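Everything below belongs to coords15.cif, which stores mmCIF, N, CA and C atoms.
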```cif
data_protein
#
loop_
_atom_site.label_atom_id
_atom_site.label_comp_id
_atom_site.auth_asym_id
_atom_site.auth_seq_id
_atom_site.Cartn_x
_atom_site.Cartn_y
_atom_site.Cartn_z
N MET O 1 138.18 -41.27 137.37
CA MET O 1 137.84 -40.35 136.30
C MET O 1 136.34 -40.44 135.98
N ILE O 2 135.82 -41.64 135.94
CA ILE O 2 134.40 -41.82 135.65
C ILE O 2 133.56 -41.12 136.71
N GLY O 3 133.97 -41.21 137.96
CA GLY O 3 133.24 -40.55 139.04
C GLY O 3 133.16 -39.04 138.86
N LEU O 4 134.20 -38.46 138.27
CA LEU O 4 134.17 -37.01 138.03
C LEU O 4 133.07 -36.63 137.05
N PHE O 5 132.80 -37.49 136.08
CA PHE O 5 131.72 -37.21 135.14
C PHE O 5 130.36 -37.24 135.84
N GLY O 6 130.23 -38.10 136.86
CA GLY O 6 129.00 -38.11 137.66
C GLY O 6 128.82 -36.80 138.40
N LEU O 7 129.92 -36.26 138.92
CA LEU O 7 129.85 -34.96 139.59
C LEU O 7 129.50 -33.85 138.61
N VAL O 8 130.01 -33.96 137.40
CA VAL O 8 129.68 -32.98 136.36
C VAL O 8 128.18 -33.01 136.08
N GLY O 9 127.61 -34.20 136.03
CA GLY O 9 126.16 -34.33 135.83
C GLY O 9 125.38 -33.69 136.96
N ALA O 10 125.87 -33.83 138.17
CA ALA O 10 125.21 -33.20 139.31
C ALA O 10 125.27 -31.68 139.20
N ALA O 11 126.39 -31.17 138.72
CA ALA O 11 126.51 -29.72 138.54
C ALA O 11 125.51 -29.23 137.49
N GLY O 12 125.31 -30.00 136.45
CA GLY O 12 124.32 -29.64 135.44
C GLY O 12 122.92 -29.62 136.01
N ALA O 13 122.62 -30.56 136.89
CA ALA O 13 121.30 -30.59 137.53
C ALA O 13 121.11 -29.38 138.43
N MET O 14 122.16 -28.98 139.15
CA MET O 14 122.07 -27.78 139.99
C MET O 14 121.87 -26.54 139.13
N ALA O 15 122.53 -26.49 138.01
CA ALA O 15 122.35 -25.34 137.11
C ALA O 15 120.92 -25.30 136.58
N ALA O 16 120.34 -26.46 136.30
CA ALA O 16 118.96 -26.50 135.83
C ALA O 16 118.02 -25.96 136.91
N ASP O 17 118.30 -26.32 138.16
CA ASP O 17 117.48 -25.82 139.26
C ASP O 17 117.59 -24.29 139.36
N LEU O 18 118.78 -23.77 139.23
CA LEU O 18 118.96 -22.31 139.28
C LEU O 18 118.27 -21.63 138.11
N THR O 19 118.37 -22.23 136.94
CA THR O 19 117.71 -21.66 135.76
C THR O 19 116.21 -21.65 135.93
N GLY O 20 115.67 -22.66 136.59
CA GLY O 20 114.23 -22.72 136.82
C GLY O 20 113.72 -21.59 137.69
N ARG O 21 114.61 -20.93 138.40
CA ARG O 21 114.22 -19.82 139.25
C ARG O 21 114.26 -18.47 138.54
N VAL O 22 114.65 -18.46 137.28
CA VAL O 22 114.68 -17.22 136.51
C VAL O 22 113.27 -16.67 136.42
N LYS O 23 113.09 -15.44 136.82
CA LYS O 23 111.75 -14.84 136.85
C LYS O 23 111.29 -14.39 135.47
N ARG O 24 112.18 -13.77 134.70
CA ARG O 24 111.79 -13.22 133.40
C ARG O 24 112.25 -14.16 132.30
N HIS O 25 111.71 -15.36 132.28
CA HIS O 25 112.14 -16.36 131.32
C HIS O 25 111.73 -16.03 129.88
N THR O 26 110.82 -15.09 129.70
CA THR O 26 110.45 -14.69 128.34
C THR O 26 111.39 -13.62 127.81
N HIS O 27 112.22 -13.05 128.65
CA HIS O 27 113.23 -12.09 128.22
C HIS O 27 114.32 -12.88 127.47
N PRO O 28 114.89 -12.32 126.41
CA PRO O 28 115.88 -13.07 125.63
C PRO O 28 117.21 -13.32 126.34
N MET O 29 117.54 -12.58 127.38
CA MET O 29 118.86 -12.71 127.99
C MET O 29 119.15 -14.09 128.58
N PRO O 30 118.26 -14.71 129.35
CA PRO O 30 118.59 -16.05 129.88
C PRO O 30 118.86 -17.07 128.76
N THR O 31 118.10 -17.01 127.70
CA THR O 31 118.32 -17.92 126.58
C THR O 31 119.66 -17.63 125.92
N ALA O 32 119.97 -16.37 125.74
CA ALA O 32 121.25 -15.99 125.14
C ALA O 32 122.42 -16.49 125.99
N VAL O 33 122.28 -16.40 127.30
CA VAL O 33 123.35 -16.88 128.19
C VAL O 33 123.50 -18.40 128.07
N ALA O 34 122.39 -19.12 128.04
CA ALA O 34 122.45 -20.58 127.91
C ALA O 34 123.12 -20.98 126.59
N VAL O 35 122.75 -20.33 125.51
CA VAL O 35 123.34 -20.64 124.20
C VAL O 35 124.83 -20.26 124.19
N ALA O 36 125.18 -19.18 124.86
CA ALA O 36 126.59 -18.79 124.95
C ALA O 36 127.39 -19.85 125.70
N PHE O 37 126.81 -20.43 126.75
CA PHE O 37 127.49 -21.51 127.47
C PHE O 37 127.76 -22.68 126.53
N ILE O 38 126.78 -23.01 125.69
CA ILE O 38 126.95 -24.12 124.75
C ILE O 38 128.09 -23.83 123.77
N ALA O 39 128.11 -22.61 123.24
CA ALA O 39 129.17 -22.24 122.30
C ALA O 39 130.53 -22.27 122.98
N VAL O 40 130.62 -21.72 124.18
CA VAL O 40 131.89 -21.73 124.92
C VAL O 40 132.34 -23.17 125.18
N ALA O 41 131.40 -24.04 125.48
CA ALA O 41 131.75 -25.44 125.74
C ALA O 41 132.42 -26.06 124.53
N TYR O 42 131.89 -25.81 123.34
CA TYR O 42 132.50 -26.38 122.14
C TYR O 42 133.88 -25.78 121.87
N VAL O 43 134.07 -24.52 122.21
CA VAL O 43 135.39 -23.90 122.06
C VAL O 43 136.37 -24.56 123.03
N VAL O 44 135.94 -24.77 124.27
CA VAL O 44 136.80 -25.45 125.26
C VAL O 44 137.12 -26.87 124.79
N LEU O 45 136.11 -27.58 124.32
CA LEU O 45 136.34 -28.95 123.85
C LEU O 45 137.26 -28.97 122.63
N LEU O 46 137.14 -27.99 121.77
CA LEU O 46 138.02 -27.92 120.60
C LEU O 46 139.45 -27.63 121.03
N ALA O 47 139.62 -26.70 121.96
CA ALA O 47 140.96 -26.28 122.37
C ALA O 47 141.63 -27.27 123.32
N ALA O 48 140.88 -27.84 124.24
CA ALA O 48 141.49 -28.66 125.29
C ALA O 48 140.84 -30.02 125.44
N GLY O 49 140.02 -30.41 124.49
CA GLY O 49 139.25 -31.63 124.62
C GLY O 49 140.03 -32.92 124.48
N ARG O 50 141.31 -32.82 124.25
CA ARG O 50 142.11 -34.04 124.16
C ARG O 50 142.76 -34.38 125.50
N THR O 51 142.45 -33.59 126.52
CA THR O 51 142.96 -33.85 127.86
C THR O 51 141.78 -34.15 128.79
N PRO O 52 142.00 -34.92 129.83
CA PRO O 52 140.89 -35.22 130.75
C PRO O 52 140.29 -33.95 131.36
N GLY O 53 141.13 -33.01 131.77
CA GLY O 53 140.62 -31.76 132.35
C GLY O 53 139.83 -30.95 131.34
N GLY O 54 140.28 -30.92 130.10
CA GLY O 54 139.56 -30.20 129.05
C GLY O 54 138.21 -30.83 128.76
N ILE O 55 138.18 -32.15 128.75
CA ILE O 55 136.91 -32.84 128.52
C ILE O 55 135.95 -32.56 129.67
N LEU O 56 136.44 -32.67 130.90
CA LEU O 56 135.58 -32.40 132.06
C LEU O 56 135.05 -30.98 132.04
N ALA O 57 135.92 -30.01 131.77
CA ALA O 57 135.48 -28.61 131.73
C ALA O 57 134.47 -28.39 130.61
N GLY O 58 134.75 -28.92 129.43
CA GLY O 58 133.85 -28.75 128.29
C GLY O 58 132.50 -29.39 128.53
N VAL O 59 132.51 -30.60 129.08
CA VAL O 59 131.24 -31.30 129.34
C VAL O 59 130.45 -30.57 130.42
N LEU O 60 131.13 -30.07 131.44
CA LEU O 60 130.46 -29.31 132.50
C LEU O 60 129.77 -28.07 131.92
N ILE O 61 130.49 -27.30 131.14
CA ILE O 61 129.92 -26.08 130.55
C ILE O 61 128.79 -26.43 129.58
N LEU O 62 128.98 -27.48 128.78
CA LEU O 62 127.94 -27.91 127.84
C LEU O 62 126.68 -28.35 128.58
N ASP O 63 126.85 -29.11 129.65
CA ASP O 63 125.71 -29.58 130.43
C ASP O 63 124.94 -28.42 131.05
N ILE O 64 125.66 -27.45 131.58
CA ILE O 64 125.00 -26.28 132.15
C ILE O 64 124.19 -25.55 131.08
N GLY O 65 124.77 -25.36 129.91
CA GLY O 65 124.06 -24.66 128.84
C GLY O 65 122.86 -25.41 128.32
N VAL O 66 123.03 -26.70 128.07
CA VAL O 66 121.93 -27.51 127.52
C VAL O 66 120.81 -27.66 128.54
N GLN O 67 121.16 -27.97 129.79
CA GLN O 67 120.13 -28.11 130.82
C GLN O 67 119.40 -26.78 131.04
N GLY O 68 120.16 -25.70 131.07
CA GLY O 68 119.54 -24.39 131.24
C GLY O 68 118.58 -24.06 130.12
N LEU O 69 119.00 -24.31 128.89
CA LEU O 69 118.14 -24.03 127.73
C LEU O 69 116.88 -24.90 127.77
N HIS O 70 117.04 -26.15 128.14
CA HIS O 70 115.88 -27.05 128.22
C HIS O 70 114.89 -26.55 129.28
N VAL O 71 115.39 -26.15 130.44
CA VAL O 71 114.51 -25.65 131.50
C VAL O 71 113.80 -24.38 131.05
N LEU O 72 114.50 -23.49 130.39
CA LEU O 72 113.87 -22.26 129.89
C LEU O 72 112.77 -22.59 128.88
N ASN O 73 113.02 -23.53 127.99
CA ASN O 73 112.00 -23.94 127.02
C ASN O 73 110.79 -24.55 127.73
N GLN O 74 111.05 -25.38 128.73
CA GLN O 74 109.95 -25.98 129.48
C GLN O 74 109.13 -24.93 130.21
N ARG O 75 109.77 -23.90 130.73
CA ARG O 75 109.03 -22.84 131.43
C ARG O 75 108.09 -22.12 130.46
N VAL O 76 108.53 -21.90 129.25
CA VAL O 76 107.66 -21.26 128.26
C VAL O 76 106.46 -22.17 127.97
N ILE O 77 106.72 -23.47 127.83
CA ILE O 77 105.63 -24.41 127.56
C ILE O 77 104.63 -24.42 128.71
N TYR O 78 105.10 -24.38 129.95
CA TYR O 78 104.18 -24.44 131.08
C TYR O 78 103.40 -23.14 131.27
N ASP O 79 103.77 -22.10 130.56
CA ASP O 79 102.98 -20.87 130.57
C ASP O 79 101.85 -20.91 129.54
N VAL O 80 101.86 -21.94 128.68
CA VAL O 80 100.80 -22.11 127.69
C VAL O 80 99.52 -22.52 128.41
N ASP O 81 98.40 -22.22 127.79
CA ASP O 81 97.11 -22.61 128.35
C ASP O 81 97.13 -24.08 128.78
N ALA O 82 96.59 -24.36 129.95
CA ALA O 82 96.64 -25.70 130.52
C ALA O 82 96.03 -26.76 129.59
N ALA O 83 95.03 -26.38 128.82
CA ALA O 83 94.39 -27.35 127.92
C ALA O 83 95.33 -27.77 126.78
N ALA O 84 96.27 -26.93 126.41
CA ALA O 84 97.18 -27.23 125.30
C ALA O 84 98.57 -27.65 125.77
N ARG O 85 98.86 -27.49 127.04
CA ARG O 85 100.21 -27.71 127.57
C ARG O 85 100.76 -29.10 127.25
N ASN O 86 99.98 -30.13 127.45
CA ASN O 86 100.46 -31.49 127.21
C ASN O 86 100.79 -31.72 125.74
N ARG O 87 99.94 -31.21 124.85
CA ARG O 87 100.21 -31.37 123.43
C ARG O 87 101.47 -30.63 123.02
N VAL O 88 101.63 -29.40 123.50
CA VAL O 88 102.82 -28.62 123.16
C VAL O 88 104.07 -29.30 123.71
N ASN O 89 104.01 -29.80 124.92
CA ASN O 89 105.15 -30.49 125.50
C ASN O 89 105.47 -31.76 124.73
N SER O 90 104.45 -32.47 124.26
CA SER O 90 104.69 -33.68 123.47
C SER O 90 105.41 -33.36 122.17
N VAL O 91 105.00 -32.30 121.52
CA VAL O 91 105.67 -31.88 120.28
C VAL O 91 107.11 -31.48 120.58
N TYR O 92 107.31 -30.69 121.64
CA TYR O 92 108.65 -30.25 122.01
C TYR O 92 109.57 -31.45 122.28
N MET O 93 109.10 -32.39 123.09
CA MET O 93 109.93 -33.54 123.43
C MET O 93 110.18 -34.44 122.22
N THR O 94 109.19 -34.55 121.33
CA THR O 94 109.40 -35.31 120.10
C THR O 94 110.53 -34.70 119.29
N PHE O 95 110.52 -33.37 119.14
CA PHE O 95 111.58 -32.71 118.40
C PHE O 95 112.92 -32.83 119.12
N CYS O 96 112.92 -32.85 120.46
CA CYS O 96 114.17 -33.07 121.21
C CYS O 96 114.77 -34.43 120.86
N PHE O 97 113.93 -35.46 120.85
CA PHE O 97 114.42 -36.80 120.56
C PHE O 97 114.83 -36.95 119.10
N VAL O 98 114.07 -36.37 118.18
CA VAL O 98 114.45 -36.42 116.76
C VAL O 98 115.77 -35.67 116.56
N GLY O 99 115.89 -34.52 117.20
CA GLY O 99 117.14 -33.76 117.10
C GLY O 99 118.32 -34.53 117.66
N GLY O 100 118.11 -35.22 118.78
CA GLY O 100 119.17 -36.04 119.36
C GLY O 100 119.59 -37.17 118.44
N ALA O 101 118.61 -37.81 117.81
CA ALA O 101 118.92 -38.90 116.87
C ALA O 101 119.67 -38.37 115.65
N LEU O 102 119.21 -37.26 115.10
CA LEU O 102 119.91 -36.67 113.96
C LEU O 102 121.31 -36.22 114.36
N GLY O 103 121.43 -35.64 115.54
CA GLY O 103 122.74 -35.22 116.03
C GLY O 103 123.70 -36.40 116.17
N SER O 104 123.19 -37.51 116.65
CA SER O 104 124.04 -38.71 116.77
C SER O 104 124.50 -39.20 115.40
N ALA O 105 123.59 -39.18 114.43
CA ALA O 105 123.96 -39.61 113.08
C ALA O 105 125.00 -38.68 112.47
N VAL O 106 124.80 -37.38 112.61
CA VAL O 106 125.76 -36.42 112.07
C VAL O 106 127.10 -36.55 112.80
N ALA O 107 127.06 -36.73 114.11
CA ALA O 107 128.31 -36.88 114.88
C ALA O 107 129.08 -38.12 114.45
N SER O 108 128.38 -39.21 114.20
CA SER O 108 129.06 -40.42 113.74
C SER O 108 129.74 -40.19 112.41
N PHE O 109 129.04 -39.52 111.51
CA PHE O 109 129.62 -39.21 110.21
C PHE O 109 130.82 -38.28 110.35
N MET O 110 130.66 -37.21 111.15
CA MET O 110 131.75 -36.26 111.32
C MET O 110 132.96 -36.90 111.99
N TRP O 111 132.73 -37.80 112.93
CA TRP O 111 133.85 -38.48 113.58
C TRP O 111 134.66 -39.26 112.55
N SER O 112 133.96 -39.96 111.64
CA SER O 112 134.66 -40.75 110.63
C SER O 112 135.38 -39.87 109.61
N GLN O 113 134.89 -38.65 109.41
CA GLN O 113 135.48 -37.76 108.41
C GLN O 113 136.57 -36.85 108.98
N ALA O 114 136.34 -36.32 110.19
CA ALA O 114 137.24 -35.28 110.70
C ALA O 114 137.59 -35.44 112.17
N GLY O 115 137.18 -36.52 112.80
CA GLY O 115 137.56 -36.77 114.18
C GLY O 115 137.02 -35.74 115.16
N TRP O 116 137.78 -35.55 116.24
CA TRP O 116 137.38 -34.66 117.33
C TRP O 116 137.13 -33.23 116.84
N THR O 117 138.01 -32.74 115.99
CA THR O 117 137.86 -31.38 115.48
C THR O 117 136.55 -31.23 114.72
N GLY O 118 136.21 -32.22 113.92
CA GLY O 118 134.95 -32.17 113.16
C GLY O 118 133.73 -32.16 114.06
N ILE O 119 133.80 -32.95 115.14
CA ILE O 119 132.68 -32.98 116.10
C ILE O 119 132.50 -31.60 116.73
N CYS O 120 133.60 -31.01 117.19
CA CYS O 120 133.52 -29.71 117.88
C CYS O 120 133.07 -28.61 116.92
N LEU O 121 133.59 -28.61 115.71
CA LEU O 121 133.19 -27.58 114.74
C LEU O 121 131.73 -27.75 114.33
N THR O 122 131.28 -28.98 114.22
CA THR O 122 129.86 -29.23 113.92
C THR O 122 128.99 -28.70 115.06
N GLY O 123 129.39 -28.96 116.30
CA GLY O 123 128.65 -28.44 117.45
C GLY O 123 128.59 -26.92 117.44
N LEU O 124 129.71 -26.29 117.12
CA LEU O 124 129.71 -24.82 117.02
C LEU O 124 128.81 -24.34 115.90
N GLY O 125 128.85 -25.04 114.77
CA GLY O 125 128.01 -24.65 113.63
C GLY O 125 126.53 -24.79 113.93
N VAL O 126 126.15 -25.88 114.55
CA VAL O 126 124.74 -26.09 114.91
C VAL O 126 124.31 -25.05 115.94
N THR O 127 125.19 -24.74 116.88
CA THR O 127 124.88 -23.72 117.88
C THR O 127 124.71 -22.35 117.22
N ALA O 128 125.57 -22.03 116.26
CA ALA O 128 125.44 -20.76 115.54
C ALA O 128 124.14 -20.70 114.74
N LEU O 129 123.78 -21.79 114.08
CA LEU O 129 122.53 -21.83 113.32
C LEU O 129 121.33 -21.68 114.24
N ALA O 130 121.33 -22.39 115.36
CA ALA O 130 120.24 -22.28 116.32
C ALA O 130 120.15 -20.87 116.87
N SER O 131 121.29 -20.24 117.13
CA SER O 131 121.30 -18.86 117.63
C SER O 131 120.70 -17.90 116.62
N LEU O 132 121.04 -18.10 115.37
CA LEU O 132 120.50 -17.24 114.31
C LEU O 132 118.98 -17.41 114.19
N LEU O 133 118.51 -18.64 114.19
CA LEU O 133 117.07 -18.88 114.10
C LEU O 133 116.35 -18.31 115.31
N TRP O 134 116.92 -18.51 116.50
CA TRP O 134 116.32 -17.97 117.72
C TRP O 134 116.28 -16.45 117.66
N ALA O 135 117.37 -15.83 117.26
CA ALA O 135 117.42 -14.37 117.21
C ALA O 135 116.39 -13.81 116.23
N CYS O 136 116.22 -14.46 115.11
CA CYS O 136 115.27 -13.99 114.11
C CYS O 136 113.83 -14.06 114.60
N THR O 137 113.54 -15.00 115.46
CA THR O 137 112.16 -15.16 115.93
C THR O 137 111.91 -14.52 117.29
N SER O 138 112.77 -14.78 118.23
CA SER O 138 112.51 -14.38 119.62
C SER O 138 112.69 -12.90 119.89
N ILE O 139 113.74 -12.32 119.41
CA ILE O 139 114.00 -10.91 119.72
C ILE O 139 112.93 -10.03 119.07
N ARG O 140 112.55 -10.37 117.85
CA ARG O 140 111.49 -9.59 117.19
C ARG O 140 110.17 -9.70 117.95
N ALA O 141 109.83 -10.92 118.42
CA ALA O 141 108.60 -11.12 119.17
C ALA O 141 108.66 -10.41 120.52
N TRP O 142 109.83 -10.38 121.16
CA TRP O 142 109.97 -9.75 122.46
C TRP O 142 109.78 -8.24 122.35
N LYS O 143 110.25 -7.64 121.27
CA LYS O 143 110.12 -6.19 121.09
C LYS O 143 108.68 -5.78 120.78
N ALA O 144 107.90 -6.70 120.24
CA ALA O 144 106.53 -6.38 119.83
C ALA O 144 105.60 -6.17 120.99
#
```
Now that the file is in, can you turn its structure into structure tokens?
Amino acid sequence: MIGLFGLVGAAGAMAADLTGRVKRHTHPMPTAVAVAFIAVAYVVLLAAGRTPGGILAGVLILDIGVQGLHVLNQRVIYDVDAAARNRVNSVYMTFCFVGGALGSAVASFMWSQAGWTGICLTGLGVTALASLLWACTSIRAWKA
């Protein structure tokens, strides 16, 4: 079973490679697809996450979405002026790590309060909030 999770990680890496080949990374559609994968993953984990197959499917879909979104964000950063690229990437990665730490703290709390269902619903809620913030900023900027 543990070996299957290693294969899932490899699938996420392949998805990241495919995402890196997206030509129009400033178009909102690739980001919307990546975020949709994340939302679908939490739905799968909520519905079937108490079974090994459900966990594997949910983690696979989640990994594809998260890796894809990360690669898309990195592509935007690498389009920034070369003189500022390192600073922008440092800020981005700092926020990634802070977000991961906060997510771990919230997940620990939710697990103690509501178990698996609380974790999955929190993931869906955070994904919905991120989608709303992204839509408010990115789509308006893309149309301009």
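Near region 18-21 of chain O, within a cut-off of 10 Å and counting only C-alpha atoms, sit the residues Gly12, Ala13, Met14, Ala15, Arg24, His25, Pro30, Thr31, Ala34, Ile64, Gly65, Gln67, Gly68, Leu69, His70, Val71, Leu72, Gln74 and Arg75 of chain O, with same-chain residues fewer than 3 positions away left out.
Between Thr127 (chain O) and the residues O:Ile38, O:Leu7, O:Ile77, O:Val43, the shortest atom-to-atom distance, using only C-alpha atoms, involves O:Ile38.
Taking CA of Cys96 (chain O) and CA of Gly53 (chain O) as endpoints, the distance between them is 28.7 Å.
Taking CA of Met1 (chain O) and atom N of Arg50 (chain O) as the two end points, the separation is 14.6 Å.
Separating CA of Arg87 (chain O) from atom N of Asn73 (chain O) is a distance of 15.7 Å.
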**Study point:** Output check: residues returned by the PyMOL selection byres (((chain O and resi 58 and name CA) around 7) and name CA), as number ranges by chain
**Key:** O: 41-42, 44-45, 54-57, 59-62
Selection file, N, CA and C atoms, as a PDB file, keeping the file's coordinate frame:
```pdb
ATOM      1  N   ALA O  41     131.400 -24.040 125.480  1.00  0.00           N
ATOM      2  CA  ALA O  41     131.750 -25.440 125.740  1.00  0.00           C
ATOM      3  C   ALA O  41     132.420 -26.060 124.530  1.00  0.00           C
ATOM      4  N   TYR O  42     131.890 -25.810 123.340  1.00  0.00           N
ATOM      5  CA  TYR O  42     132.500 -26.380 122.140  1.00  0.00           C
ATOM      6  C   TYR O  42     133.880 -25.780 121.870  1.00  0.00           C
ATOM      7  N   VAL O  44     135.940 -24.770 124.270  1.00  0.00           N
ATOM      8  CA  VAL O  44     136.800 -25.450 125.260  1.00  0.00           C
ATOM      9  C   VAL O  44     137.120 -26.870 124.790  1.00  0.00           C
ATOM     10  N   LEU O  45     136.110 -27.580 124.320  1.00  0.00           N
ATOM     11  CA  LEU O  45     136.340 -28.950 123.850  1.00  0.00           C
ATOM     12  C   LEU O  45     137.260 -28.970 122.630  1.00  0.00           C
ATOM     13  N   GLY O  54     140.280 -30.920 130.100  1.00  0.00           N
ATOM     14  CA  GLY O  54     139.560 -30.200 129.050  1.00  0.00           C
ATOM     15  C   GLY O  54     138.210 -30.830 128.760  1.00  0.00           C
ATOM     16  N   ILE O  55     138.180 -32.150 128.750  1.00  0.00           N
ATOM     17  CA  ILE O  55     136.910 -32.840 128.520  1.00  0.00           C
ATOM     18  C   ILE O  55     135.950 -32.560 129.670  1.00  0.00           C
ATOM     19  N   LEU O  56     136.440 -32.670 130.900  1.00  0.00           N
ATOM     20  CA  LEU O  56     135.580 -32.400 132.060  1.00  0.00           C
ATOM     21  C   LEU O  56     135.050 -30.980 132.040  1.00  0.00           C
ATOM     22  N   ALA O  57     135.920 -30.010 131.770  1.00  0.00           N
ATOM     23  CA  ALA O  57     135.480 -28.610 131.730  1.00  0.00           C
ATOM     24  C   ALA O  57     134.470 -28.390 130.610  1.00  0.00           C
ATOM     25  N   VAL O  59     132.510 -30.600 129.080  1.00  0.00           N
ATOM     26  CA  VAL O  59     131.240 -31.300 129.340  1.00  0.00           C
ATOM     27  C   VAL O  59     130.450 -30.570 130.420  1.00  0.00           C
ATOM     28  N   LEU O  60     131.130 -30.070 131.440  1.00  0.00           N
ATOM     29  CA  LEU O  60     130.460 -29.310 132.500  1.00  0.00           C
ATOM     30  C   LEU O  60     129.770 -28.070 131.920  1.00  0.00           C
ATOM     31  N   ILE O  61     130.490 -27.300 131.140  1.00  0.00           N
ATOM     32  CA  ILE O  61     129.920 -26.080 130.550  1.00  0.00           C
ATOM     33  C   ILE O  61     128.790 -26.430 129.580  1.00  0.00           C
ATOM     34  N   LEU O  62     128.980 -27.480 128.780  1.00  0.00           N
ATOM     35  CA  LEU O  62     127.940 -27.910 127.840  1.00  0.00           C
ATOM     36  C   LEU O  62     126.680 -28.350 128.580  1.00  0.00           C
TER      37      LEU O  62
END
```
